[in-house]
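**Student:** Provided below: query-v1.txt, containing compact mmCIF, C-alpha atoms.
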# COMPACT_ATOMS: atom_id res chain seq x y z
CA MET C 1 -29.21 -2.46 2.96
CA HIS C 2 -26.47 -5.01 3.38
CA VAL C 3 -22.83 -4.23 2.73
CA SER C 4 -19.73 -6.32 3.13
CA ILE C 5 -16.91 -4.70 5.08
CA ARG C 6 -13.25 -5.64 4.59
CA LEU C 7 -10.62 -4.84 7.18
CA PHE C 8 -6.84 -5.01 6.92
CA ALA C 9 -3.72 -5.11 9.07
CA ARG C 10 -4.26 -3.70 12.56
CA LEU C 11 -7.94 -2.97 11.93
CA ARG C 12 -8.42 -6.62 11.02
CA GLU C 13 -6.69 -7.70 14.22
CA LEU C 14 -8.62 -5.28 16.43
CA ALA C 15 -11.94 -6.40 14.92
CA GLY C 16 -10.97 -10.07 15.02
CA ALA C 17 -12.28 -10.49 11.46
CA ASP C 18 -11.30 -9.53 7.94
CA GLU C 19 -14.82 -9.62 6.57
CA ILE C 20 -17.97 -8.41 8.31
CA GLU C 21 -21.52 -8.26 6.95
CA GLN C 22 -23.20 -5.05 8.05
CA THR C 23 -26.84 -4.01 7.78
CA LEU C 24 -27.42 -0.27 7.43
CA PRO C 25 -30.55 1.85 7.15
CA ALA C 26 -30.74 3.37 3.65
CA PRO C 27 -29.54 5.80 2.50
CA ALA C 28 -26.06 5.28 3.89
CA THR C 29 -22.53 6.47 3.17
CA ALA C 30 -19.17 4.83 3.83
CA GLN C 31 -18.98 7.01 6.94
CA ASP C 32 -22.25 5.49 8.18
CA ALA C 33 -20.79 2.01 7.66
CA TRP C 34 -17.71 2.98 9.68
CA ASP C 35 -19.81 4.50 12.44
CA ALA C 36 -21.91 1.35 12.75
CA LEU C 37 -18.78 -0.80 12.75
CA ALA C 38 -16.99 1.30 15.37
CA ARG C 39 -20.10 1.33 17.57
CA GLU C 40 -20.11 -2.45 17.66
CA ARG C 41 -16.32 -2.69 17.97
CA PRO C 42 -15.13 0.26 20.04
CA ALA C 43 -11.48 -0.86 19.71
CA LEU C 44 -11.63 0.47 16.15
CA ALA C 45 -12.86 3.94 17.16
CA PRO C 46 -9.39 5.56 17.56
CA TYR C 47 -8.87 5.04 13.81
CA ALA C 48 -11.82 7.26 12.87
CA ARG C 49 -9.59 10.14 11.75
CA THR C 50 -6.84 8.18 10.02
CA ILE C 51 -8.67 5.58 7.92
CA SER C 52 -9.00 5.56 4.17
CA CYS C 53 -11.81 3.74 2.46
CA ALA C 54 -12.45 1.93 -0.78
CA VAL C 55 -15.80 0.95 -2.27
CA ASN C 56 -15.83 -2.03 -4.63
CA GLU C 57 -12.03 -2.07 -4.85
CA THR C 58 -11.71 1.61 -5.78
CA TYR C 59 -10.54 4.37 -3.43
CA ALA C 60 -13.54 6.41 -2.27
CA ARG C 61 -14.41 9.25 0.07
CA LEU C 62 -16.18 8.58 3.35
CA THR C 63 -19.03 10.67 1.94
CA THR C 64 -19.55 8.16 -0.90
CA PRO C 65 -23.14 6.85 -0.94
CA LEU C 66 -23.43 3.07 -0.66
CA LYS C 67 -25.66 0.65 -2.53
CA ASP C 68 -26.95 -2.71 -1.39
CA GLY C 69 -24.23 -5.34 -1.90
CA ASP C 70 -21.30 -2.92 -1.96
CA VAL C 71 -17.93 -4.05 -0.62
CA VAL C 72 -16.51 -1.36 1.65
CA ALA C 73 -12.89 -1.59 2.76
CA PHE C 74 -11.45 0.42 5.64
CA LEU C 75 -7.71 0.89 5.51
CA PRO C 76 -5.40 1.94 8.35
CA PRO C 77 -2.46 4.22 7.41
CA VAL C 78 -0.34 2.42 4.84
CA SER C 79 3.30 1.37 5.01
CA GLY C 80 4.19 -0.42 1.79
CA GLY C 81 7.43 -0.15 -0.14
CA CYS C 82 10.45 -0.14 2.11
CA GLY C 83 11.96 1.83 4.96
CA ILE C 84 9.87 4.17 7.06
CA ARG C 85 11.70 7.45 6.85
CA ASP C 86 8.45 9.40 6.80
CA ALA C 87 6.35 6.96 8.72
CA GLY C 88 4.50 7.87 11.83
CA CYS C 89 4.95 5.07 14.27
CA GLY C 90 5.01 1.42 14.99
CA ILE C 91 2.13 0.02 16.96
CA ARG C 92 2.83 -2.86 19.24
CA ASP C 93 0.44 -5.75 19.22
CA GLU C 94 -1.27 -6.62 22.42
CA GLY C 95 -2.44 -9.98 23.64
CA SER C 96 -4.50 -11.83 21.10
CA GLY C 97 -3.65 -9.29 18.44
CA MET C 98 -0.30 -10.90 17.91
CA ARG C 99 -0.09 -13.10 14.92
CA ASP C 100 2.76 -15.35 15.95
CA MET T 1 3.19 -13.04 -16.35
CA GLN T 2 6.59 -12.31 -17.83
CA ASP T 3 5.74 -8.79 -18.91
CA THR T 4 3.17 -7.81 -16.30
CA PRO T 5 4.02 -4.25 -15.27
CA TYR T 6 1.97 -4.16 -12.05
CA ARG T 7 1.98 -7.13 -9.69
CA VAL T 8 1.29 -8.07 -6.10
CA THR T 9 2.62 -11.52 -5.35
CA SER T 10 3.49 -13.83 -2.47
CA GLU T 11 6.33 -15.29 -4.57
CA PRO T 12 9.92 -14.02 -4.25
CA LEU T 13 10.51 -11.02 -6.51
CA ASP T 14 12.83 -11.29 -9.49
CA GLU T 15 14.33 -7.98 -10.61
CA ARG T 16 14.69 -9.36 -14.12
CA LEU T 17 10.90 -9.63 -14.49
CA ALA T 18 10.40 -5.95 -13.66
CA ARG T 19 13.21 -5.04 -16.04
CA ALA T 20 11.71 -7.21 -18.78
CA ALA T 21 8.33 -5.51 -18.33
CA VAL T 22 9.79 -2.11 -19.28
CA ALA T 23 12.53 -3.10 -21.72
CA GLY T 24 12.37 -1.87 -25.29
CA ALA T 25 14.48 -0.73 -28.19
CA ALA T 26 13.66 2.95 -27.48
CA ALA T 27 15.19 2.82 -24.01
CA GLY T 28 18.58 4.37 -23.45
CA ALA T 29 18.36 3.90 -19.69
CA VAL T 30 16.71 1.42 -17.36
CA THR T 31 16.70 2.06 -13.62
CA VAL T 32 15.70 -0.67 -11.20
CA PHE T 33 15.00 0.11 -7.56
CA THR T 34 14.82 -2.76 -5.10
CA GLY T 35 13.53 -2.22 -1.58
CA THR T 36 14.83 -4.89 0.80
CA VAL T 37 13.99 -5.90 4.35
CA ARG T 38 16.66 -4.68 6.74
CA ASN T 39 17.62 -6.25 10.05
CA HIS T 40 16.95 -3.23 12.24
CA ASN T 41 14.45 -0.44 12.66
CA ALA T 42 14.19 2.30 15.28
CA GLY T 43 16.74 0.58 17.51
CA HIS T 44 15.11 -2.85 17.35
CA ARG T 45 16.41 -5.96 15.70
CA VAL T 46 13.99 -7.05 12.97
CA LEU T 47 13.64 -10.79 12.38
CA TRP T 48 11.38 -10.66 9.32
CA ILE T 49 8.46 -8.63 7.95
CA ASP T 50 5.01 -9.81 6.94
CA TYR T 51 3.51 -7.67 4.20
CA GLU T 52 -0.26 -7.56 3.93
CA ALA T 53 -1.97 -6.04 0.89
CA TYR T 54 -5.44 -5.37 -0.40
CA ALA T 55 -4.24 -6.90 -3.64
CA PRO T 56 -6.86 -5.83 -6.20
CA LEU T 57 -6.77 -2.23 -4.96
CA ALA T 58 -2.97 -2.30 -4.78
CA VAL T 59 -2.71 -3.31 -8.44
CA LYS T 60 -5.18 -0.56 -9.37
CA THR T 61 -3.12 1.89 -7.32
CA PHE T 62 0.04 0.89 -9.19
CA GLU T 63 -1.86 1.48 -12.45
CA ARG T 64 -2.85 4.90 -11.18
CA ILE T 65 0.77 5.70 -10.36
CA GLY T 66 1.55 4.58 -13.92
CA ASP T 67 -1.05 7.06 -15.22
CA GLU T 68 0.49 9.86 -13.15
CA VAL T 69 3.90 8.99 -14.56
CA ARG T 70 2.60 8.96 -18.14
CA GLU T 71 1.11 12.40 -17.68
CA ARG T 72 4.43 13.92 -16.65
CA TRP T 73 6.90 11.62 -18.40
CA PRO T 74 4.99 10.36 -21.49
CA ASP T 75 7.85 8.28 -22.86
CA VAL T 76 8.84 6.41 -19.69
CA ARG T 77 7.77 2.80 -19.13
CA LEU T 78 7.16 1.74 -15.53
CA ALA T 79 6.80 -1.55 -13.64
CA ILE T 80 5.98 -2.02 -9.95
CA HIS T 81 6.14 -5.46 -8.33
CA HIS T 82 5.35 -5.80 -4.62
CA ARG T 83 5.71 -8.81 -2.38
CA THR T 84 3.23 -10.00 0.24
CA GLY T 85 3.58 -12.47 3.09
CA ARG T 86 6.71 -13.23 5.08
CA VAL T 87 9.81 -11.56 3.64
CA GLU T 88 13.18 -12.46 5.15
CA ILE T 89 16.03 -10.05 5.93
CA GLY T 90 17.79 -9.04 2.73
CA ASP T 91 14.98 -10.18 0.45
CA ALA T 92 13.13 -7.78 -1.82
CA SER T 93 9.78 -6.36 -0.72
CA VAL T 94 9.36 -4.16 -3.79
CA VAL T 95 10.98 -3.83 -7.21
CA ILE T 96 10.39 -0.82 -9.44
CA ALA T 97 11.76 -0.50 -12.96
CA ALA T 98 11.66 2.52 -15.25
CA ALA T 99 12.87 2.72 -18.83
CA SER T 100 13.43 5.94 -20.71
CA ALA T 101 15.35 7.35 -23.63
CA HIS T 102 17.49 9.31 -21.15
CA ARG T 103 18.78 8.49 -17.69
CA ALA T 104 17.45 11.55 -15.86
CA ASP T 105 13.84 10.57 -16.49
CA ALA T 106 14.46 6.92 -15.62
CA PHE T 107 15.96 7.89 -12.25
CA ALA T 108 13.20 10.42 -11.57
CA VAL T 109 10.37 8.02 -12.36
CA CYS T 110 11.82 5.27 -10.16
CA ARG T 111 12.03 7.70 -7.25
CA TYR T 112 8.60 9.17 -7.91
CA ALA T 113 7.01 5.72 -8.07
CA ILE T 114 8.46 4.46 -4.77
CA GLU T 115 7.38 7.66 -3.00
CA ARG T 116 3.84 7.22 -4.34
CA VAL T 117 3.78 3.51 -3.43
CA LYS T 118 4.64 4.44 0.15
CA GLN T 119 1.97 7.15 0.19
CA ILE T 120 -1.03 5.41 -1.36
CA ALA T 121 -0.57 1.66 -1.97
CA PRO T 122 -2.87 -0.34 0.36
CA ILE T 123 -0.02 -2.40 1.80
CA TRP T 124 1.00 -2.81 5.45
CA LYS T 125 4.16 -3.93 7.19
CA HIS T 126 4.02 -6.18 10.23
CA GLU T 127 7.53 -6.13 11.65
CA HIS T 128 8.53 -9.14 13.71
CA LEU T 129 11.01 -8.16 16.41
CA GLU T 130 12.74 -10.20 19.07
CA ASP T 131 10.15 -9.24 21.66
CA GLY T 132 6.96 -9.19 19.61
CA ALA T 133 5.44 -7.77 16.46
CA VAL T 134 4.64 -4.21 15.41
CA TRP T 135 2.33 -2.82 12.75
CA VAL T 136 4.00 0.04 10.95
CA GLU T 137 1.55 2.80 10.10
CA GLY T 138 2.70 5.64 7.88
CA ALA T 139 0.47 7.78 5.71
CA THR T 140 -3.32 7.93 5.52
CA ALA T 141 -3.73 6.95 1.87
CA ASP T 142 -5.38 9.67 -0.22
CA PRO T 143 -4.63 9.34 -3.93
CA ASP T 144 -6.18 12.76 -4.65
CA ASP T 145 -4.01 14.66 -2.17
CA ARG T 146 -2.07 17.13 -4.36
CA GLY T 147 0.33 17.89 -1.53
CA ALA T 148 1.50 14.28 -1.48
CA VAL T 149 1.96 14.30 -5.27
CA ASP T 150 4.01 17.50 -4.97
CA THR T 151 6.18 15.94 -2.24
CA ALA T 152 6.83 12.91 -4.44
CA LEU T 153 7.65 15.15 -7.44
CA GLN T 154 10.01 17.23 -5.33
CA ARG T 155 11.90 14.13 -4.18
CA ALA T 156 12.01 12.75 -7.69
CA CYS T 157 13.20 15.90 -9.40
CA THR T 158 15.65 17.57 -7.01
Would you mind giving the structure from this file in structure tokens?
**Tutor:**
Amino acid sequence: MHVSIRLFARLRELAGADEIEQTLPAPATAQDAWDALARERPALAPYARTISCAVNETYARLTTPLKDGDVVAFLPPVSGGCGIRDAGCGIRDEGSGMRD
Amino acid sequence: MQDTPYRVTSEPLDERLARAAVAGAAAGAVTVFTGTVRNHNAGHRVLWIDYEAYAPLAVKTFERIGDEVRERWPDVRLAIHHRTGRVEIGDASVVIAAASAHRADAFAVCRYAIERVKQIAPIWKHEHLEDGAVWVEGATADPDDRGAVDTALQRACT
């Protein structure tokens, strides 16, 4: 099956793309899509335990089964709103990761 | 657009729009919370912040926060407007408005909503400092995590 993967923020920078088409053997879950992605782009691998995922623009579990044509988004830890009183850490960009 | 309660926009935020989205004759109190970009963080001078969002999921997440609010505070009206793109020092990154018959609920809902936005909205800060840029990574977003809901409730209600 073919799924479309969306990446954001630091994951997008590490992958060098915000949208990636991925072919997976069926049946597959969101976890399988992540595993395939991280195999091809090892820079993403450290995020394995801290990502969230969404399928077709709805939050989903990594165990969610995928269908052909699904849009799967992988989200690094979030930091919206304002201030970071509870936030974990800032992660410095390196080399080509920098946007400016 | 005027009365849209949940928005993600690259345009500058106007507190009056959030207020207008919750206003009504039944309200005896309206609270408006504005989060602004500050010029320092963790000992570094901040020049500006780029906010990146997964916009369609962010709007759905705001709606979900609205559902959570309705469950606990059935009579409170809520609006959440979040900015994306480059936000300058002093400008608003987020505006939250809550309207209620009584002030205690309006204050509580504003606080609850900002805590939940920080926990689960798919939005990321890219802080631009004098010597480079930093992605800020806070919580792993899990809307179903009861512990996070309890933390938000505790902060809102104590």
**Student:** Would you mind telling me which residue in C:Ala30, C:Leu37, C:Ala9, C:Ala48 lies nearest to chain T when using all atoms listed in the file?
**Tutor:** C:Ala9
**Student:** What is the atom CA of Trp34 of chain C-atom CA of Cys53 of chain C distance in Å, reported with one decimal?
**Tutor:**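 Pair atom CA of Trp34 of chain C / atom CA of Cys53 of chain C returns 9.4 Å.
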**Student:** Nearest to Ile65 of chain T: which of T:Ala106, T:Val8, T:Val32, T:Ile120 is it, counting all atoms listed in the file?
**Tutor:** T:Ile120
**Student:** Find the residues around Ala101 of chain T up to 12 Å (only C-alpha atoms counted), leave out those fewer than 3 positions away in its own chain, and share them as a PyMOL selection string.
**Tutor:** chain T and resi 22-31+73-77+98+104-107
**Student:** If I take atom CA of Pro65 of chain C and atom CA of Ile123 of chain T, how far is one from the other in Å, to one decimal?
**Tutor:**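 Here the two named atoms are 25.1 Å from each other.
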**Student:** Please identify every residue of chain T that has at least one atom no more than 6 Å from any atom of chain C, counting only C-alpha atoms, and report them as an NGL selection string.
**Tutor:** :T and (35 or 57 or 94 or 118 or 122-125 or 134-141)
**Student:** Work out how far atom CA of Ile89 of chain T is from atom CA of Ala121 of chain T, in Å to one decimal.
**Tutor:**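 If I compute the distance from atom CA of Ala121 of chain T to atom CA of Ile89 of chain T, I get 21.8 Å.
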